[in-house]
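Student: Pasting in a structure now, in structure tokens, and then I'll have a few things to ask.
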Amino acid sequence: MKQKNVLRTIVMVMCCMVIFAGCGKKKESSEGKKSEDNTEEYSSEIFAMDTYMTLKSYGVNGREVIDKAETMIKELDQKWSAVDKESEIYQLNQKKSMKVSSDTMELIAFAREKSAQTEAAFDISVYPLVELWGFPTQKYRVPTDKEIEDVLKNVDGRAIKINKKTNQVTLQKGMKIDLGGIAKGYTSQKIAEIYEENGVKSGMISLGGNVQAIGKKTDGSRWKVGIQPPNDSMDMVGTYEAADEAVITSGAYERYFKKNGKVYHHIIDPATGKPSEKDLISVTIISKNGTLADTLSTTLFVMGKDQAVSYWRKNSNEFDMILVDKNSKIYISDGIKDHFTSDYQYQVVSKK
């Protein structure tokens, strides 16, 4: 097997890669372009949530659903920015207790639940640690163990208090949260609901590599989602054929810096306060639930291979996975073996 240092998810639509271009500006949307089987195709590319996004829809109401999706993306982006002083999350981090919108409450409640279920392997309250390492400002530094220890005292997502009846959220003193680890998954899930409510049965949503397949392609075949290195090589680790589900990857390649020859990435282990040093370099989650897929892609990365496999075995009805470890060994869960192909050897993980 060839050495793979890092991986990312790409989506291949109609056998062509989605290529993002531009610099933060919305590109012109396609209006009623014909697909290969003469179905009306609509698409749009925008920049939001600090990433490039592509929306595609086919058939009836295509333009309408894309317009609605863009509006929703902008609204959620404004609510959840941890650095925008006008956002709900920024305000909550400053005030420590306030009433939030229904979307924000739903996401915080989901995150708190998953934090409890995963023994805090996933924790939205690690944001002060992310700040300590300099990732939000790109002023990177390696903090001392004492600094990390002091901040870790305030990290515990399970301690976030919520009142679903009043939408009141209360944080402990010294606590800050960031929804960046699950925001795009939730957003893609909500876009999928817009598509469904408006009768669109075929489409593709790519939010910075977070892929949500709407149904199948108009010719009845599945959407092809590839896992490949972060360079421009087409030498893929594997291809998954998706239908009506989310395919979301987390890896150490997304944001990182080097100091004294060592690489420090942005996925912080809540147990140590440091970038996770477990044995996985890439985790891809496949699930009907985009929010869950986004959450677990980070969670299983922090868990490491053995614990990730154990967690999947207990929850295999909710998701499937593709894991790549530091030795470039590929592991896939049994539930996707009929729709995953690779030029490399890989091990199928069974439920027992």
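Identifiers in the structure tokens: chain A, B, ... in order shown; residue index from 1 per chain; ligand index from 1 in order shown.
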If you run DSSP over the backbone, which residues in stretch 102-333 of chain A end up strand (DSSP E or B)? Put them as a PyMOL selection string.

Tutor: chain A and resi 161-163+168-170+202-207+210-215+223-228+238-242+246-251+256-259+262-265+268-269+274-275+280-287+320-325+330-333

Student: Do a neighbour search on stretch 193-210 of chain A at 6 Å with only C-alpha atoms, toss out local chain neighbours closer than 6 positions, and write the hits as a VMD selection string.

Tutor: chain A and resid 9 to 10 51 to 58 65 216 to 217 248

Student: What is the atom CA of A:Met49-atom CA of A:Leu76 distance in Å, reported with one decimal?

Tutor: 8.7 Å

Student: Calculated over only C-alpha atoms, which of the candidates A:Thr295, A:Asn289, A:Thr239, A:Ser282 has the smallest distance to A:Glu113?

Tutor: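 Ranking A:Thr295, A:Asn289, A:Thr239, A:Ser282 by distance to A:Glu113, first place goes to A:Thr295.
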
Student: Using only C-alpha atoms, pick whichever of A:Arg112, A:Ser81, A:Thr166, A:Gly220 has the shortest atom-to-atom distance to A:Ala243.

Tutor: A:Gly220

Student: Using DSSP on the backbone coordinates, identify the residues of stretch 47-129 of chain A assigned to alpha helix (DSSP H); present them as JSON, numbers by chain.

Tutor: {"A": [62, 63, 64, 65, 66, 67, 68, 69, 70, 71, 72, 73, 74, 75, 76, 77, 78, 79, 80, 88, 89, 90, 91, 92, 93, 94, 95, 102, 103, 104, 105, 106, 107, 108, 109, 110, 111, 112, 113, 114, 115, 116, 117, 127, 128, 129]}

Student: Find, counting only C-alpha atoms, the residue in A:Asn327, A:Thr71, A:Thr291, A:Gln307 that gets nearest to A:Lys114.

Tutor: A:Thr291

Student: I'd like the neighbourhood of A:Gln117 as a count of residues only, where a residue qualifies if any of its atoms comes within 12 Å (using only C-alpha atoms), though same-chain residues fewer than 4 positions away should be ignored.

Tutor: 15
